[in-house]
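Engineer: upload.txt (compact mmCIF, C-alpha atoms) pasted underneath:
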```txt
# COMPACT_ATOMS: atom_id res chain seq x y z
CA MET W 1 67.93 57.63 -17.53
CA ILE W 2 65.60 54.65 -17.46
CA LYS W 3 62.20 55.40 -15.92
CA LEU W 4 60.77 53.70 -12.82
CA TYR W 5 57.09 52.75 -12.46
CA ASN W 6 54.90 51.07 -9.89
CA PHE W 7 52.95 48.25 -11.50
CA ASP W 8 49.72 48.97 -9.57
CA GLU W 9 49.67 52.51 -10.97
CA LEU W 10 49.90 51.41 -14.61
CA ARG W 11 47.05 50.42 -16.88
CA PRO W 12 47.89 47.34 -19.00
CA GLU W 13 47.90 49.36 -22.22
CA GLU W 14 50.45 51.74 -20.68
CA ILE W 15 52.99 49.07 -19.82
CA LEU W 16 54.31 48.84 -23.36
CA ASN W 17 53.11 50.55 -26.49
CA ARG W 18 54.59 48.67 -29.45
CA ASP W 19 52.98 49.68 -32.72
CA ILE W 20 54.93 48.26 -35.67
CA ARG W 21 52.74 49.60 -38.48
CA ALA W 22 54.67 51.30 -41.24
CA GLU W 23 54.17 54.95 -42.12
CA LYS W 24 52.47 55.62 -45.44
CA ASN W 25 55.70 56.78 -47.08
CA VAL W 26 57.25 53.39 -46.26
CA GLU W 27 54.22 51.63 -47.71
CA ASP W 28 54.51 53.66 -50.91
CA VAL W 29 58.22 52.98 -51.28
CA VAL W 30 57.74 49.24 -50.77
CA ASP W 31 54.85 49.12 -53.23
CA GLY W 32 57.09 50.74 -55.85
CA ILE W 33 59.98 48.36 -55.17
CA ILE W 34 57.79 45.27 -55.43
CA ALA W 35 56.29 46.51 -58.70
CA GLU W 36 59.76 47.19 -60.16
CA VAL W 37 61.10 43.78 -59.20
CA ARG W 38 58.06 42.03 -60.64
CA ALA W 39 58.39 43.99 -63.88
CA ARG W 40 62.17 44.02 -64.40
CA GLY W 41 63.57 41.21 -62.25
CA ASP W 42 67.36 41.01 -62.00
CA GLU W 43 67.88 44.40 -63.62
CA ALA W 44 65.87 46.09 -60.86
CA LEU W 45 67.73 44.17 -58.14
CA LYS W 46 71.10 45.33 -59.51
CA GLU W 47 69.92 48.93 -59.65
CA TYR W 48 68.65 48.80 -56.07
CA ALA W 49 71.95 47.25 -54.91
CA LEU W 50 73.80 50.23 -56.36
CA LYS W 51 71.27 52.74 -55.02
CA PHE W 52 70.87 51.45 -51.47
CA ASP W 53 74.10 49.52 -50.79
CA GLY W 54 76.55 51.23 -53.12
CA ALA W 55 77.31 47.82 -54.62
CA LYS W 56 77.86 47.22 -58.32
CA ILE W 57 76.66 43.67 -58.93
CA ASP W 58 77.40 41.78 -62.14
CA ASP W 59 76.24 38.33 -61.06
CA LEU W 60 73.60 38.15 -58.33
CA GLN W 61 74.40 34.60 -57.28
CA VAL W 62 77.32 33.95 -54.94
CA THR W 63 79.80 31.58 -56.57
CA GLN W 64 81.33 28.46 -55.04
CA ALA W 65 84.71 30.18 -55.36
CA GLU W 66 83.51 33.01 -53.11
CA ILE W 67 82.28 30.49 -50.53
CA ASP W 68 85.56 28.56 -50.68
CA GLU W 69 87.51 31.78 -50.21
CA ALA W 70 85.38 32.71 -47.19
CA PHE W 71 86.20 29.36 -45.57
CA ALA W 72 89.89 29.61 -46.43
CA ASN W 73 90.24 33.01 -44.75
CA MET W 74 88.03 32.30 -41.73
CA ASP W 75 89.44 32.21 -38.20
CA PRO W 76 89.57 28.48 -37.33
CA TYR W 77 88.36 29.17 -33.79
CA PHE W 78 85.25 30.91 -35.09
CA LEU W 79 84.63 28.15 -37.64
CA GLU W 80 84.65 25.62 -34.80
CA THR W 81 82.25 27.83 -32.85
CA LEU W 82 79.94 27.98 -35.87
CA ARG W 83 79.96 24.20 -36.16
CA GLU W 84 79.29 23.68 -32.45
CA ALA W 85 76.44 26.17 -32.50
CA ALA W 86 74.98 24.54 -35.62
CA ALA W 87 75.12 21.12 -33.97
CA ASN W 88 73.35 22.44 -30.87
CA ILE W 89 70.65 24.10 -32.97
CA GLU W 90 70.12 20.97 -35.04
CA ARG W 91 69.94 18.75 -31.95
CA PHE W 92 67.26 20.95 -30.39
CA HIS W 93 65.15 21.25 -33.53
CA ARG W 94 65.20 17.53 -34.27
CA GLN W 95 63.05 17.13 -31.16
CA GLN W 96 60.37 19.24 -32.87
CA VAL W 97 59.83 16.83 -35.76
CA HIS W 98 56.28 15.45 -35.76
CA LYS W 99 55.31 11.92 -36.69
CA ASN W 100 52.52 11.06 -39.09
CA PHE W 101 49.62 9.25 -37.48
CA VAL W 102 46.86 6.88 -38.61
CA ILE W 103 43.61 5.99 -36.81
CA ASN W 104 41.98 2.70 -37.78
CA GLU W 105 39.72 1.96 -34.82
CA LYS W 106 36.51 1.11 -36.74
CA PRO W 107 36.14 -1.40 -39.58
CA GLY W 108 36.29 0.22 -43.02
CA ILE W 109 37.54 3.63 -41.77
CA VAL W 110 41.07 4.99 -41.97
CA LEU W 111 41.87 8.53 -40.78
CA GLY W 112 45.21 10.21 -40.43
CA GLN W 113 47.53 13.14 -40.79
CA LYS W 114 50.80 13.45 -42.67
CA TYR W 115 53.51 16.07 -42.61
CA THR W 116 55.14 17.25 -45.83
CA PRO W 117 58.01 19.76 -45.99
CA ILE W 118 57.56 22.81 -48.16
CA GLU W 119 59.63 22.56 -51.35
CA LYS W 120 61.42 25.93 -51.39
CA ALA W 121 62.22 28.23 -48.47
CA GLY W 122 63.61 31.75 -48.74
CA VAL W 123 65.83 33.05 -45.94
CA TYR W 124 66.43 36.78 -45.64
CA VAL W 125 69.60 37.77 -43.77
CA PRO W 126 70.14 41.45 -42.94
CA GLY W 127 73.33 43.22 -43.97
CA GLY W 128 74.43 46.79 -43.49
CA THR W 129 76.73 47.79 -40.64
CA ALA W 130 76.66 44.38 -38.93
CA ALA W 131 76.79 40.75 -40.01
CA TYR W 132 74.57 38.19 -38.31
CA PRO W 133 75.78 34.64 -38.96
CA SER W 134 73.63 33.51 -36.02
CA THR W 135 70.52 34.46 -38.02
CA VAL W 136 71.69 32.22 -40.85
CA LEU W 137 72.02 29.22 -38.54
CA MET W 138 68.73 29.83 -36.74
CA ASP W 139 66.68 30.28 -39.92
CA VAL W 140 68.27 27.65 -42.14
CA ILE W 141 68.79 24.67 -39.81
CA PRO W 142 65.09 24.17 -38.91
CA ALA W 143 64.31 24.14 -42.63
CA LYS W 144 66.96 21.48 -43.24
CA VAL W 145 65.67 19.40 -40.33
CA ALA W 146 62.13 19.71 -41.72
CA GLY W 147 63.30 18.29 -45.05
CA VAL W 148 63.08 21.38 -47.27
CA SER W 149 64.86 20.47 -50.49
CA GLU W 150 65.83 23.97 -51.69
CA ILE W 151 66.85 26.81 -49.37
CA VAL W 152 67.50 30.14 -51.07
CA MET W 153 69.23 32.89 -49.10
CA THR W 154 69.34 36.58 -49.92
CA THR W 155 71.60 39.11 -48.23
CA PRO W 156 72.93 42.49 -49.37
CA ALA W 157 76.48 42.79 -50.64
CA GLY W 158 78.94 45.40 -49.44
CA LYS W 159 80.27 48.22 -51.56
CA ASP W 160 82.89 45.84 -52.91
CA GLY W 161 80.12 43.70 -54.38
CA ARG W 162 80.87 40.83 -52.00
CA VAL W 163 78.92 39.21 -49.18
CA ASN W 164 80.47 39.27 -45.72
CA PRO W 165 82.56 36.07 -45.47
CA VAL W 166 81.19 35.10 -42.05
CA ILE W 167 77.70 35.06 -43.58
CA LEU W 168 78.93 32.79 -46.37
CA ALA W 169 80.66 30.48 -43.91
CA ALA W 170 77.52 30.25 -41.78
CA ALA W 171 75.34 29.60 -44.85
CA ALA W 172 77.55 26.79 -46.08
CA THR W 173 77.73 25.30 -42.58
CA ALA W 174 73.95 25.40 -42.23
CA GLY W 175 73.22 23.94 -45.68
CA VAL W 176 71.96 26.78 -47.86
CA THR W 177 71.35 25.72 -51.46
CA LYS W 178 71.75 29.08 -53.23
CA ILE W 179 72.88 32.55 -52.07
CA PHE W 180 72.03 35.82 -53.82
CA LYS W 181 73.38 39.34 -53.36
CA THR W 182 70.26 41.37 -52.75
CA GLY W 183 68.68 42.89 -49.67
CA GLY W 184 65.81 45.03 -48.47
CA ALA W 185 62.24 44.95 -49.73
CA GLN W 186 63.55 44.08 -53.20
CA ALA W 187 64.95 40.77 -51.92
CA VAL W 188 61.57 39.89 -50.40
CA ALA W 189 59.86 40.70 -53.70
CA ALA W 190 62.37 38.55 -55.61
CA LEU W 191 61.82 35.58 -53.30
CA ALA W 192 58.05 35.94 -53.54
CA TYR W 193 57.70 36.37 -57.31
CA GLY W 194 61.00 35.11 -58.72
CA THR W 195 63.36 36.78 -61.18
CA GLN W 196 65.57 35.56 -64.00
CA SER W 197 68.14 34.35 -61.42
CA ILE W 198 66.23 33.93 -58.16
CA PRO W 199 63.61 31.19 -57.88
CA ALA W 200 60.24 31.97 -56.32
CA VAL W 201 59.88 30.23 -52.97
CA ASP W 202 56.97 28.95 -50.91
CA LYS W 203 57.82 30.71 -47.65
CA ILE W 204 60.07 33.61 -46.58
CA VAL W 205 61.66 33.79 -43.14
CA GLY W 206 64.15 36.09 -41.47
CA PRO W 207 64.31 39.49 -39.75
CA GLY W 208 64.80 42.90 -41.31
CA ASN W 209 64.06 46.60 -41.02
CA ILE W 210 60.67 48.24 -41.45
CA TYR W 211 60.95 48.05 -45.26
CA VAL W 212 61.63 44.30 -45.12
CA ALA W 213 58.82 43.76 -42.61
CA THR W 214 56.41 45.77 -44.75
CA ALA W 215 57.38 43.85 -47.88
CA LYS W 216 56.83 40.53 -46.10
CA ARG W 217 53.38 41.65 -45.04
CA LYS W 218 52.52 42.70 -48.58
CA VAL W 219 53.62 39.45 -50.24
CA PHE W 220 51.89 37.26 -47.64
CA GLY W 221 49.28 35.19 -49.43
CA LYS W 222 51.46 34.81 -52.49
CA VAL W 223 53.94 33.11 -50.15
CA GLY W 224 53.99 32.21 -46.48
CA ILE W 225 56.02 34.24 -44.00
CA ASP W 226 57.30 33.49 -40.52
CA MET W 227 56.20 36.67 -38.72
CA ILE W 228 56.22 40.47 -38.88
CA ALA W 229 59.01 41.29 -36.46
CA GLY W 230 59.22 44.54 -34.54
CA PRO W 231 62.19 45.97 -32.62
CA SER W 232 64.03 43.66 -30.24
CA GLU W 233 62.86 43.30 -26.64
CA ILE W 234 64.21 41.94 -23.39
CA LEU W 235 62.40 41.63 -20.10
CA VAL W 236 64.39 40.65 -17.01
CA LEU W 237 62.27 39.31 -14.14
CA ALA W 238 64.52 39.66 -11.09
CA ASP W 239 64.24 39.33 -7.33
CA GLY W 240 66.28 41.12 -4.70
CA GLY W 241 69.00 38.48 -4.74
CA CYS W 242 70.24 39.45 -8.21
CA ASN W 243 73.47 41.25 -9.01
CA PRO W 244 72.42 44.67 -10.38
CA ALA W 245 75.46 44.85 -12.65
CA TRP W 246 74.47 41.56 -14.31
CA VAL W 247 70.88 42.72 -14.75
CA ALA W 248 72.01 46.02 -16.30
CA ALA W 249 74.36 44.21 -18.67
CA ASP W 250 71.55 41.90 -19.78
CA LEU W 251 69.23 44.83 -20.43
CA LEU W 252 71.91 46.50 -22.54
CA SER W 253 72.47 43.33 -24.56
CA GLN W 254 69.25 44.20 -26.40
CA ALA W 255 69.37 47.98 -26.02
CA GLU W 256 72.49 48.09 -28.22
CA HIS W 257 70.57 46.52 -31.11
CA ASP W 258 68.36 49.44 -32.04
CA LYS W 259 67.18 52.79 -30.72
CA LEU W 260 63.66 51.32 -30.81
CA ALA W 261 64.59 48.24 -28.72
CA SER W 262 62.75 47.79 -25.40
CA PRO W 263 64.81 46.85 -22.31
CA VAL W 264 62.53 46.24 -19.31
CA LEU W 265 63.17 45.14 -15.74
CA VAL W 266 60.30 43.82 -13.64
CA THR W 267 61.12 43.26 -9.98
CA ASP W 268 59.62 42.95 -6.52
CA SER W 269 62.64 44.73 -5.02
CA PRO W 270 62.70 48.57 -4.94
CA ALA W 271 66.35 48.39 -3.85
CA LEU W 272 67.30 46.34 -6.93
CA ALA W 273 65.34 48.73 -9.14
CA ARG W 274 67.35 51.72 -7.92
CA ALA W 275 70.65 49.82 -8.12
CA VAL W 276 70.02 48.74 -11.71
CA GLN W 277 68.99 52.28 -12.65
CA ALA W 278 72.34 53.53 -11.32
CA GLU W 279 74.32 50.68 -12.88
CA LEU W 280 72.93 51.41 -16.34
CA GLU W 281 74.41 54.91 -16.10
CA VAL W 282 77.79 53.36 -15.36
CA GLN W 283 77.74 50.80 -18.16
CA ILE W 284 76.15 52.72 -21.07
CA PRO W 285 79.11 55.10 -21.62
CA GLN W 286 81.45 52.08 -21.82
CA LEU W 287 79.67 50.60 -24.85
CA PRO W 288 80.90 51.10 -28.44
CA ARG W 289 77.22 51.49 -29.40
CA ALA W 290 76.53 53.82 -26.48
CA ALA W 291 74.39 56.28 -28.47
CA ILE W 292 72.03 53.53 -29.62
CA ALA W 293 71.82 51.99 -26.15
CA ARG W 294 71.19 55.40 -24.59
CA ALA W 295 68.27 56.14 -26.88
CA SER W 296 66.80 52.68 -26.30
CA VAL W 297 67.06 52.91 -22.51
CA ASP W 298 65.83 56.49 -22.22
CA ASP W 299 62.98 56.29 -24.74
CA ASN W 300 61.77 52.70 -24.42
CA GLY W 301 63.30 51.32 -21.23
CA LYS W 302 61.25 50.71 -18.08
CA ILE W 303 61.76 49.42 -14.59
CA ILE W 304 58.46 48.20 -13.15
CA VAL W 305 58.31 47.59 -9.41
CA CYS W 306 55.69 45.13 -8.15
CA THR W 307 54.53 44.31 -4.64
CA ASP W 308 55.44 40.62 -4.94
CA LEU W 309 56.81 38.05 -7.36
CA HIS W 310 53.38 36.85 -8.51
CA LYS W 311 52.43 40.41 -9.46
CA ALA W 312 55.73 40.65 -11.30
CA ILE W 313 54.90 37.53 -13.30
CA GLU W 314 51.47 39.03 -14.09
CA ALA W 315 53.28 42.05 -15.55
CA CYS W 316 55.48 39.75 -17.64
CA ASN W 317 52.44 37.95 -19.05
CA ILE W 318 50.82 41.26 -20.01
CA ILE W 319 53.98 42.43 -21.78
CA ALA W 320 54.52 39.06 -23.53
CA PRO W 321 58.18 39.78 -24.27
CA GLU W 322 60.37 38.41 -27.02
CA HIS W 323 63.10 37.41 -24.53
CA LEU W 324 62.28 36.75 -20.86
CA GLU W 325 65.06 36.21 -18.33
CA VAL W 326 63.78 34.67 -15.09
CA CYS W 327 66.49 35.72 -12.64
CA VAL W 328 64.95 34.49 -9.39
CA GLU W 329 65.93 32.04 -6.64
CA ASP W 330 63.76 29.18 -7.96
CA PRO W 331 63.14 29.75 -11.71
CA PHE W 332 61.61 26.32 -12.29
CA GLY W 333 59.18 26.97 -9.46
CA VAL W 334 57.58 29.86 -11.38
CA LEU W 335 57.97 28.50 -14.91
CA ASN W 336 54.38 27.28 -15.16
CA GLU W 337 53.06 30.72 -14.18
CA ILE W 338 54.68 32.24 -17.27
CA LYS W 339 52.16 32.15 -20.11
CA ASN W 340 53.44 34.63 -22.69
CA ALA W 341 57.07 34.78 -23.80
CA GLY W 342 59.03 34.02 -26.95
CA SER W 343 62.02 32.38 -25.27
CA ILE W 344 62.48 31.90 -21.52
CA PHE W 345 65.95 31.99 -19.93
CA LEU W 346 65.90 30.29 -16.53
CA GLY W 347 68.27 31.28 -13.75
CA ARG W 348 70.82 33.93 -12.95
CA ASN W 349 73.55 32.38 -15.08
CA VAL W 350 71.59 32.31 -18.35
CA PRO W 351 72.05 35.60 -20.23
CA GLU W 352 70.00 36.16 -23.36
CA ALA W 353 73.16 36.01 -25.48
CA LEU W 354 73.45 32.29 -24.69
CA GLY W 355 70.26 31.71 -26.66
CA ASP W 356 71.15 34.20 -29.38
CA TYR W 357 74.19 32.27 -30.46
CA PHE W 358 74.80 28.86 -29.08
CA ALA W 359 72.46 26.89 -26.84
CA GLY W 360 70.09 25.52 -29.51
CA PRO W 361 66.58 27.00 -29.11
CA ASN W 362 65.71 29.40 -31.90
CA HIS W 363 66.37 33.12 -31.59
CA THR W 364 63.86 34.18 -34.28
CA LEU W 365 61.09 35.08 -31.85
CA PRO W 366 57.71 36.83 -31.71
CA THR W 367 57.93 40.52 -30.81
CA SER W 368 55.54 43.36 -30.02
CA GLY W 369 53.40 41.29 -27.68
CA THR W 370 52.66 38.62 -30.30
CA ALA W 371 54.07 35.96 -27.96
CA ARG W 372 50.48 35.90 -26.65
CA PHE W 373 49.54 33.86 -29.71
CA SER W 374 52.66 32.92 -31.68
CA SER W 375 55.86 30.94 -31.24
CA PRO W 376 59.57 30.95 -32.07
CA LEU W 377 60.65 29.88 -35.54
CA GLY W 378 60.96 26.11 -35.74
CA VAL W 379 60.48 22.98 -37.79
CA ASP W 380 56.70 23.56 -37.86
CA ASP W 381 57.29 26.67 -39.99
CA PHE W 382 58.65 24.54 -42.81
CA VAL W 383 56.10 21.73 -42.97
CA LYS W 384 52.48 21.43 -44.03
CA LYS W 385 49.92 19.17 -42.40
CA SER W 386 47.49 17.23 -44.57
CA SER W 387 44.67 15.16 -43.17
CA PHE W 388 43.48 12.09 -45.04
CA LEU W 389 40.42 9.83 -44.74
CA TYR W 390 39.21 6.59 -46.27
CA TYR W 391 35.77 4.90 -45.90
CA THR W 392 34.55 1.70 -47.50
CA ARG W 393 31.11 1.76 -49.14
CA GLU W 394 29.68 -0.04 -46.13
CA ALA W 395 31.22 2.37 -43.65
CA LEU W 396 29.91 5.40 -45.56
CA GLY W 397 26.45 3.80 -45.78
CA GLU W 398 26.23 3.58 -42.00
CA VAL W 399 26.61 7.35 -41.58
CA ALA W 400 25.13 8.57 -44.89
CA PRO W 401 21.73 9.55 -43.44
CA ARG W 402 23.41 11.65 -40.75
CA ILE W 403 25.67 13.41 -43.23
CA ALA W 404 22.78 14.13 -45.57
CA ASP W 405 20.67 15.46 -42.71
CA PHE W 406 23.53 17.69 -41.55
CA ALA W 407 23.98 19.10 -45.06
CA GLU W 408 20.24 19.71 -45.56
CA ARG W 409 20.10 21.66 -42.29
CA GLU W 410 22.80 23.95 -43.64
CA GLY W 411 20.91 24.38 -46.90
CA LEU W 412 23.64 22.66 -48.91
CA HIS W 413 21.58 20.19 -50.91
CA ALA W 414 24.35 19.20 -53.34
CA HIS W 415 26.44 18.14 -50.34
CA ALA W 416 23.62 15.85 -49.26
CA LYS W 417 23.11 14.53 -52.81
CA SER W 418 26.81 13.66 -53.16
CA VAL W 419 26.29 11.14 -50.34
CA THR W 420 22.82 9.78 -51.06
CA ILE W 421 23.41 9.30 -54.81
CA ARG W 422 25.80 6.49 -54.04
CA TYR W 423 22.94 4.39 -52.65
CA GLU W 424 20.07 5.30 -54.96
CA ASP W 425 20.47 2.37 -57.38
CA ASN W 426 22.42 0.06 -55.05
CA SER W 427 25.29 0.02 -57.54
CA ASN W 428 28.88 -0.28 -56.43
CA GLU W 429 30.13 2.28 -58.94
```
Take the structure I supplied and represent it as structure tokens, if you would.
Structural biologist:
Amino acid sequence: MIKLYNFDELRPEEILNRDIRAEKNVEDVVDGIIAEVRARGDEALKEYALKFDGAKIDDLQVTQAEIDEAFANMDPYFLETLREAAANIERFHRQQVHKNFVINEKPGIVLGQKYTPIEKAGVYVPGGTAAYPSTVLMDVIPAKVAGVSEIVMTTPAGKDGRVNPVILAAAATAGVTKIFKTGGAQAVAALAYGTQSIPAVDKIVGPGNIYVATAKRKVFGKVGIDMIAGPSEILVLADGGCNPAWVAADLLSQAEHDKLASPVLVTDSPALARAVQAELEVQIPQLPRAAIARASVDDNGKIIVCTDLHKAIEACNIIAPEHLEVCVEDPFGVLNEIKNAGSIFLGRNVPEALGDYFAGPNHTLPTSGTARFSSPLGVDDFVKKSSFLYYTREALGEVAPRIADFAEREGLHAHAKSVTIRYEDNSNE
């Protein structure tokens, strides 16, 4: 059963303990996988596919025929849903595109900033017991909107050596350039360093298990990464006017993901807290993934009761959840008080699943409290900013003494000389 706490009796560090560091045995395994992929490329990827996924792979790259077959056999209703969701996601992310700017306020001086998309992005899509076409849309579409010219996707094949057709349909809908049948830490290594078939990319995005997360951390620096994601989290901020059955269902929408997921209710209503606690016991046995949800709720779930709504929001900001549902009478009235959250769902009719699949904002979100300093995946993750500056000789001459003085005070005499030398002989060269 989910545990109840009083907020005033908890120290901040006790509210949630979310340590996503890998155990040493995971580190060692990942180190070995990366080394093998760097040394043996495609051959290693095929061996790992057989070892971990039971898949015998002859050709790592998904063919156009396989993609066409996936479309031909897809439920038309679901295909239309995919296209609607993709359109919503694209519409939202187009609002994130930045414009270059130029400042030319003083004679002889031009300053500015320009945005350039990265050239190659790698998208990792988990496989295993479930297929996540929503992850494909959320990770690929911002890259396309940003202007990335080559998007390479990796995802493990099933035992039949084929990729789940819904993943292929989502990838083609979103605009993936190339798809490869490899998963796990080995896929991350392939994207980072390249193999005979898979091109090395500039940045890797996408969720995965602890081996994938560890591999992303280890290749960071060689390539960029989006984030190191921990287990999924949901925090429902609810007042006494909420339906406890709805709140329980929303908590379970994340609890069913993973035994390590964190479902949390924060409320100013003791009566709602008790009602939700009871309702969870009714709903958990009804779930196909009841064992996973039970472990998540019992081991990581919390109901935190606060004296008032402002205290409840303080608890939310300390937790800094991945998903935050604001199920209160006036959600917009408290929106500005919320400082730390990956994605915020406003109102009692906005379940987290709406954002997971369809509405448009990205569902690749900061976990483990990192919403205190990081943001959802978006267009910014696929562009670089470069500043530029131009001075005429006259404009530089006006500030040269100040620059030289600044450099001398830092003990960097060559810096100073690089400015003053231009005026020593009054030449224009």
Engineer: Pick out the closest residue to W:Ile34 from this set: W:Ile204, W:Ala271, W:Val219, W:Ala261. Count all atoms listed in the file.
Structural biologist: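 Of W:Ile204, W:Ala271, W:Val219, W:Ala261, the one nearest W:Ile34, counting all atoms listed in the file, is W:Val219.
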Engineer: Which residues come within 12 Å of W:Ser374, counting all atoms listed in the file, excluding same-chain residues fewer than 5 positions away, as a ChimeraX atom specification?
Structural biologist: /W:226-229,320-322,339-343,364-369,380-381
Engineer: Please compute the atom CA of W:Leu237-atom CA of W:Phe358 distance, one decimal, in Å.
Structural biologist: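 Between atom CA of W:Leu237 and atom CA of W:Phe358 the gap works out to 22.1 Å.
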Engineer: Could you check the closest approach to W:Gln283 for each of W:Ala255, W:Ile304, W:Leu50, W:Ala121 and tell me which residue wins, using all atoms listed in the file?
Structural biologist: W:Ala255
Engineer: Find the spatial neighbours of W:Ile284, counting all atoms listed in the file, within a cut-off of 10 Å - ignore same-chain residues fewer than 4 positions away - and output them as a list in words.
Structural biologist: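 So, after excluding close chain neighbours, the residues are Ala248, Ala249, Leu252, Ala255, Glu256, Glu279, Leu280, Pro288, Arg289, Ala290, Ala291, Ile292, Ala293, Arg294 and Val297 of chain W.
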Engineer: Just the number, please: distance in Å from atom CA of W:Glu9 to atom CA of W:Ile303, one decimal.
Structural biologist: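 Atom-to-atom, atom CA of W:Glu9 and atom CA of W:Ile303 are spaced 13.0 Å apart.
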Engineer: Need the neighbours of (59.5, 41.3, -11.5): which residues are at most 6 Å away, counting all atoms listed in the file, as a VMD selection string?
Structural biologist: chain W and resid 237 to 238 266 to 268 309 312
Engineer: For atom CA of W:Lys99 and atom CA of W:Ala171, determine how far apart the two atoms are, in Å to one decimal place.
Structural biologist: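 Taking atom CA of W:Lys99 and atom CA of W:Ala171, their separation equals 27.9 Å.
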Engineer: Of the candidates W:Val383, W:Val212, W:Ile33, W:Val97, which one gets nearest to W:Ser149 if we count only C-alpha atoms?
Structural biologist: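 Among W:Val383, W:Val212, W:Ile33, W:Val97, it is W:Val383 that comes nearest to W:Ser149.
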Engineer: Contacts of W:Asn209 at 9 Å or less, counting all atoms listed in the file, minus same-chain residues fewer than 2 places along, as a VMD selection string?
Structural biologist: chain W and resid 126 184 207 211 to 214 229 to 231
Engineer: Which residues, protein or nucleic acid, reach to within 6 Å of (64.5, 38.9, -13.4) in the file's coordinates when using all atoms listed in the file, and can you give that as a list in words?
Structural biologist: Val236, Leu237, Ala238, Glu325, Val326, Cys327 and Val328 of chain W
Engineer: I need the residue nearest W:Lys302 from this list: W:Val334, W:Ala70, W:Val282, W:Leu235. Use only C-alpha atoms for the distance.
Structural biologist: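 Looking only at the distances to W:Lys302, the closest residue turns out to be W:Leu235.
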Engineer: Show me, as a list in words, the residues that have an atom within 6 Å of stretch 111-117 of chain W when counting all atoms listed in the file, minus same-chain residues fewer than 4 positions from it.
Structural biologist: Asn100, Phe101, Val102, Ile103, Ala146, Gly147, Val148, Phe382, Val383, Lys384, Lys385, Ser386, Ser387, Phe388 and Leu389 of chain W
Engineer: Which residues come within 9 Å of W:Phe92, counting only C-alpha atoms, excluding same-chain residues fewer than 6 positions away, as an MDAnalysis selection string?
Structural biologist: chainID W and resid 359:362
Engineer: With C-alpha atoms retained, write the just-selected residues as a PDB file, in the coordinates of the input.
Structural biologist:
```
ATOM      1  CA  ALA W 359      72.460  26.890 -26.840  1.00  0.00           C
ATOM      2  CA  GLY W 360      70.090  25.520 -29.510  1.00  0.00           C
ATOM      3  CA  PRO W 361      66.580  27.000 -29.110  1.00  0.00           C
ATOM      4  CA  ASN W 362      65.710  29.400 -31.900  1.00  0.00           C
TER       5      ASN W 362
END
```
Engineer: Using all atoms listed in the file, which of W:Thr182, W:Thr392, W:Asn164, W:Asn88 sits nearest W:Leu354?
Structural biologist: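 For W:Leu354, the nearest of the candidates is W:Asn88.
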Engineer: For stretch 139-184 of chain W against stretch 61-64 of chain W, with a cut-off of 9 Å and counting all atoms listed in the file, what is the closest atom pair and its distance in Å to one decimal for every residue that makes the cut, ordered by chain and number, as CSV?
Structural biologist:
```
residue,atom,partner,partner_atom,distance
W:Arg162,CA,W:Val62,CA,8.3
W:Val163,CA,W:Val62,CA,8.0
W:Leu168,CA,W:Val62,CA,8.8
W:Lys178,CA,W:Gln61,CA,7.3
W:Ile179,CA,W:Val62,CA,5.5
W:Phe180,CA,W:Gln61,CA,4.4
W:Lys181,CA,W:Gln61,CA,6.2
```
Engineer: Emit the selected residues as a PDB file, in the coordinates of the input, including C-alpha atoms.
Structural biologist:
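Contents of result12.pdb, freshly written:
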```pdb
ATOM      1  CA  ARG W 162      80.870  40.830 -52.000  1.00  0.00           C
ATOM      2  CA  VAL W 163      78.920  39.210 -49.180  1.00  0.00           C
ATOM      3  CA  LEU W 168      78.930  32.790 -46.370  1.00  0.00           C
ATOM      4  CA  LYS W 178      71.750  29.080 -53.230  1.00  0.00           C
ATOM      5  CA  ILE W 179      72.880  32.550 -52.070  1.00  0.00           C
ATOM      6  CA  PHE W 180      72.030  35.820 -53.820  1.00  0.00           C
ATOM      7  CA  LYS W 181      73.380  39.340 -53.360  1.00  0.00           C
TER       8      LYS W 181
END
```
Engineer: Given the choices W:Ala86, W:Ala353, W:Leu260, W:Leu45, which gets closest to W:Gly194 if the distance is worked out from all atoms listed in the file?
Structural biologist: W:Leu45
